[in-house]
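**Q** Here you go, this is run25.cif (mmCIF, C-alpha atoms).
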data_model
#
loop_
_atom_site.group_PDB
_atom_site.id
_atom_site.type_symbol
_atom_site.label_atom_id
_atom_site.label_comp_id
_atom_site.auth_asym_id
_atom_site.auth_seq_id
_atom_site.Cartn_x
_atom_site.Cartn_y
_atom_site.Cartn_z
ATOM 1 C CA ASP A 1 88.348 38.675 111.747
ATOM 2 C CA VAL A 2 90.337 39.436 108.598
ATOM 3 C CA GLN A 3 87.171 39.902 106.556
ATOM 4 C CA TYR A 4 85.721 42.235 109.209
ATOM 5 C CA ALA A 5 88.899 44.362 109.229
ATOM 6 C CA GLU A 6 88.956 44.469 105.438
ATOM 7 C CA ASP A 7 85.302 45.545 105.279
ATOM 8 C CA ALA A 8 85.891 48.244 107.911
ATOM 9 C CA HIS A 9 88.946 49.497 106.033
ATOM 10 C CA ASN A 10 87.073 49.620 102.724
ATOM 11 C CA THR A 11 84.109 51.435 104.284
ATOM 12 C CA LEU A 12 86.347 54.038 105.914
ATOM 13 C CA ASN A 13 88.419 54.395 102.756
ATOM 14 C CA ARG A 14 85.318 55.066 100.605
ATOM 15 C CA THR A 15 84.070 57.589 103.151
ATOM 16 C CA LEU A 16 87.407 59.411 103.224
ATOM 17 C CA ILE A 17 87.679 59.416 99.427
ATOM 18 C CA ALA A 18 84.245 61.043 99.274
ATOM 19 C CA GLU A 19 84.696 63.499 102.169
ATOM 20 C CA ILE A 20 88.274 64.797 101.768
ATOM 21 C CA PRO A 21 87.636 66.621 98.450
ATOM 22 C CA LYS A 22 84.579 68.286 100.025
ATOM 23 C CA LEU A 23 86.697 69.427 102.977
ATOM 24 C CA ILE A 24 89.407 70.786 100.693
ATOM 25 C CA ASN A 25 86.863 72.690 98.596
ATOM 26 C CA THR A 26 85.201 74.276 101.645
ATOM 27 C CA ARG A 27 88.490 75.719 102.923
ATOM 28 C CA VAL A 28 88.299 78.299 100.115
ATOM 29 C CA TYR A 29 85.125 79.700 101.653
ATOM 30 C CA VAL A 30 87.006 80.317 104.896
ATOM 31 C CA THR A 31 90.412 81.506 103.702
ATOM 32 C CA ASP A 32 89.289 83.875 100.935
ATOM 33 C CA PRO A 33 87.079 86.082 103.157
ATOM 34 C CA SER A 34 89.672 85.992 105.937
ATOM 35 C CA PHE A 35 92.435 87.086 103.588
ATOM 36 C CA GLU A 36 90.214 89.806 102.115
ATOM 37 C CA ALA A 37 89.414 91.105 105.603
ATOM 38 C CA PHE A 38 93.128 91.072 106.466
ATOM 39 C CA VAL A 39 94.035 93.087 103.358
ATOM 40 C CA LYS A 40 91.240 95.611 103.984
ATOM 41 C CA THR A 41 92.342 95.998 107.599
ATOM 42 C CA GLN A 42 95.916 96.640 106.506
ATOM 43 C CA LEU A 43 94.722 99.158 103.925
ATOM 44 C CA GLN A 44 92.691 101.020 106.554
ATOM 45 C CA PHE A 45 95.577 101.006 109.033
ATOM 46 C CA PHE A 46 98.142 102.323 106.574
ATOM 47 C CA SER A 47 95.720 104.907 105.148
ATOM 48 C CA ASP A 48 95.046 106.211 108.657
ATOM 49 C CA SER A 49 98.773 106.209 109.410
ATOM 50 C CA LEU A 50 99.479 108.180 106.254
ATOM 51 C CA GLN A 51 96.849 110.771 107.166
ATOM 52 C CA ASN A 52 98.204 111.072 110.703
ATOM 53 C CA MET A 53 101.755 111.506 109.433
ATOM 54 C CA ALA A 54 100.557 114.221 107.046
ATOM 55 C CA VAL A 55 99.141 116.108 110.042
ATOM 56 C CA VAL A 56 102.434 115.729 111.902
ATOM 57 C CA GLN A 57 104.374 116.882 108.850
ATOM 58 C CA GLN A 58 102.237 120.026 108.601
ATOM 59 C CA ARG A 59 102.953 120.868 112.239
ATOM 60 C CA LEU A 60 106.715 120.581 111.806
ATOM 61 C CA PRO A 61 108.497 123.815 110.977
ATOM 62 C CA SER A 62 109.737 124.191 107.436
ATOM 63 C CA VAL A 63 113.481 124.166 107.084
ATOM 64 C CA GLY A 64 114.958 126.149 104.219
ATOM 65 C CA GLY A 65 118.360 127.091 103.000
ATOM 66 C CA PRO A 66 121.393 125.050 102.050
ATOM 67 C CA GLY A 67 120.883 122.474 104.805
ATOM 68 C CA ASP A 68 117.352 121.461 103.904
ATOM 69 C CA ASP A 69 116.382 117.908 103.166
ATOM 70 C CA SER A 70 115.042 118.412 99.661
ATOM 71 C CA VAL A 71 116.840 115.330 98.332
ATOM 72 C CA LEU A 72 115.430 113.187 101.113
ATOM 73 C CA ASP A 73 111.972 114.696 100.652
ATOM 74 C CA GLU A 74 112.121 113.921 96.945
ATOM 75 C CA ARG A 75 113.093 110.294 97.616
ATOM 76 C CA ILE A 76 110.337 109.915 100.191
ATOM 77 C CA GLU A 77 107.773 111.414 97.842
ATOM 78 C CA ASN A 78 108.956 109.069 95.081
ATOM 79 C CA VAL A 79 108.502 106.033 97.327
ATOM 80 C CA MET A 80 105.117 107.271 98.530
ATOM 81 C CA SER A 81 103.921 107.773 94.965
ATOM 82 C CA GLN A 82 104.936 104.186 94.224
ATOM 83 C CA VAL A 83 102.967 103.001 97.264
ATOM 84 C CA ARG A 84 99.934 105.024 96.182
ATOM 85 C CA SER A 85 100.110 103.485 92.716
ATOM 86 C CA LEU A 86 99.836 99.925 94.072
ATOM 87 C CA ASN A 87 96.541 98.193 93.390
ATOM 88 C CA ILE A 88 96.008 97.496 97.080
ATOM 89 C CA CYS A 89 95.759 101.231 97.743
ATOM 90 C CA THR A 90 92.895 101.613 95.279
ATOM 91 C CA LEU A 91 90.603 99.020 96.888
ATOM 92 C CA ASN A 92 87.248 100.227 98.175
ATOM 93 C CA VAL A 93 87.082 99.817 101.908
#
Would you mind writing the file's structure down as structure tokens?
**A**
Amino acid sequence: DVQYAEDAHNTLNRTLIAEIPKLINTRVYVTDPSFEAFVKTQLQFFSDSLQNMAVVQQRLPSVGGPGDDSVLDERIENVMSQVRSLNICTLNV
């Protein structure tokens, strides 16, 4: 009985030692395309959102004079230029 259990353990151990590295290596083929698809989907969503917000901004009346939001507009434009300069925004969809 002890010899049978030892042989079974050794057989299973050899099989696992051979199969686990294969399983770990194949996960890359699943996670890389999934992550790429996720990033491209986010890029498309935020690009569409940016275009839609530009349309909304054009429809809003311009406010001039001493109470305008030029400082806020400048800060927003600064942040948006930083977002546009990110590598993720230059990917081909």
**Q** Around stretch 44-58 of chain A, fit a box with edges along x, y and z, padding it by 3 Å on each side, then list its centre and edge lengths in Å to one decimal as JSON.
**A**
{"center_x": 98.5, "center_y": 110.5, "center_z": 108.5, "size_x": 17.7, "size_y": 25.0, "size_z": 12.8}
**Q** Which value, in Å to one decimal, gives the distance between atom CA of A:Gln51 and atom CA of A:Arg84?
**A**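 Those two atoms sit 12.8 Å apart.
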**Q** Expressed in Å to a single decimal, how great is the separation between atom CA of A:Lys40 and atom CA of A:Leu23?
**A**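 One can read the atom CA of A:Lys40 to atom CA of A:Leu23 distance as 26.6 Å.
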**Q** Set the distance at 12 Å and use all atoms listed in the file: which residues neighbour stretch 66-80 of chain A once local chain neighbours fewer than 4 positions away are removed? I'd like the list as a ChimeraX atom specification.
**A** /A:46-47,50,54,57,61-62,84-86,89
**Q** Enter the distance from atom CA of A:Ser49 to atom CA of A:Ser81, in Å, rounded to one decimal.
**A**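 For atom CA of A:Ser49 relative to atom CA of A:Ser81, the distance reads 15.4 Å.
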**Q** Since the input is missing atoms for stretch 40-51 of chain A, could you rebuild it with all heavy atoms and give the result as a compact mmCIF listing (two decimals), keeping the file's coordinate frame?
**A**
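The resulting file, part_36.txt, is shown below:
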# COMPACT_ATOMS: atom_id res chain seq x y z
N LYS A 40 92.00 94.37 103.75
CA LYS A 40 91.24 95.61 103.98
C LYS A 40 91.64 96.26 105.30
O LYS A 40 91.71 97.49 105.39
CB LYS A 40 89.74 95.32 103.96
CG LYS A 40 89.22 95.07 102.57
CD LYS A 40 87.72 94.87 102.57
CE LYS A 40 87.21 94.68 101.16
NZ LYS A 40 85.75 94.52 101.13
N THR A 41 91.90 95.45 106.31
CA THR A 41 92.34 96.00 107.60
C THR A 41 93.70 96.67 107.47
O THR A 41 93.92 97.76 108.00
CB THR A 41 92.40 94.88 108.65
OG1 THR A 41 91.12 94.27 108.77
CG2 THR A 41 92.83 95.41 109.99
N GLN A 42 94.61 96.03 106.74
CA GLN A 42 95.92 96.64 106.51
C GLN A 42 95.78 97.94 105.73
O GLN A 42 96.44 98.94 106.05
CB GLN A 42 96.82 95.68 105.72
CG GLN A 42 97.49 94.66 106.56
CD GLN A 42 98.56 93.93 105.77
OE1 GLN A 42 98.38 93.64 104.59
NE2 GLN A 42 99.67 93.64 106.41
N LEU A 43 94.94 97.95 104.72
CA LEU A 43 94.72 99.16 103.92
C LEU A 43 94.21 100.29 104.81
O LEU A 43 94.71 101.41 104.73
CB LEU A 43 93.73 98.88 102.79
CG LEU A 43 93.28 100.10 101.99
CD1 LEU A 43 94.46 100.72 101.25
CD2 LEU A 43 92.20 99.69 101.01
N GLN A 44 93.24 99.99 105.66
CA GLN A 44 92.69 101.02 106.55
C GLN A 44 93.76 101.52 107.52
O GLN A 44 93.90 102.72 107.73
CB GLN A 44 91.49 100.46 107.32
CG GLN A 44 90.79 101.50 108.15
CD GLN A 44 90.18 102.59 107.30
OE1 GLN A 44 89.53 102.30 106.30
NE2 GLN A 44 90.37 103.83 107.68
N PHE A 45 94.53 100.61 108.08
CA PHE A 45 95.58 101.01 109.03
C PHE A 45 96.61 101.92 108.39
O PHE A 45 96.95 102.97 108.93
CB PHE A 45 96.26 99.76 109.60
CG PHE A 45 97.46 100.08 110.45
CD1 PHE A 45 97.31 100.53 111.75
CD2 PHE A 45 98.75 99.94 109.94
CE1 PHE A 45 98.41 100.83 112.53
CE2 PHE A 45 99.85 100.23 110.71
CZ PHE A 45 99.68 100.68 112.01
N PHE A 46 97.10 101.53 107.21
CA PHE A 46 98.14 102.32 106.57
C PHE A 46 97.59 103.63 106.01
O PHE A 46 98.31 104.64 105.98
CB PHE A 46 98.87 101.51 105.51
CG PHE A 46 99.76 100.46 106.10
CD1 PHE A 46 99.49 99.12 105.91
CD2 PHE A 46 100.85 100.81 106.88
CE1 PHE A 46 100.31 98.14 106.48
CE2 PHE A 46 101.68 99.85 107.45
CZ PHE A 46 101.40 98.52 107.25
N SER A 47 96.33 103.65 105.59
CA SER A 47 95.72 104.91 105.15
C SER A 47 95.60 105.87 106.32
O SER A 47 95.93 107.06 106.19
CB SER A 47 94.34 104.65 104.54
OG SER A 47 94.44 103.89 103.38
N ASP A 48 95.14 105.37 107.46
CA ASP A 48 95.05 106.21 108.66
C ASP A 48 96.43 106.70 109.10
O ASP A 48 96.59 107.86 109.49
CB ASP A 48 94.38 105.45 109.81
CG ASP A 48 92.91 105.16 109.55
OD1 ASP A 48 92.33 105.78 108.62
OD2 ASP A 48 92.35 104.31 110.26
N SER A 49 97.41 105.81 109.03
CA SER A 49 98.77 106.21 109.41
C SER A 49 99.31 107.30 108.50
O SER A 49 99.94 108.25 108.96
CB SER A 49 99.70 105.00 109.36
OG SER A 49 99.31 104.03 110.28
N LEU A 50 99.04 107.17 107.21
CA LEU A 50 99.48 108.18 106.25
C LEU A 50 98.82 109.53 106.54
O LEU A 50 99.48 110.57 106.52
CB LEU A 50 99.17 107.73 104.83
CG LEU A 50 99.61 108.65 103.70
CD1 LEU A 50 101.13 108.82 103.68
CD2 LEU A 50 99.11 108.13 102.37
N GLN A 51 97.55 109.52 106.84
CA GLN A 51 96.85 110.77 107.17
C GLN A 51 97.41 111.39 108.45
O GLN A 51 97.62 112.61 108.53
CB GLN A 51 95.35 110.52 107.32
CG GLN A 51 94.66 110.22 106.02
CD GLN A 51 93.20 109.85 106.21
OE1 GLN A 51 92.72 109.72 107.34
NE2 GLN A 51 92.50 109.66 105.10
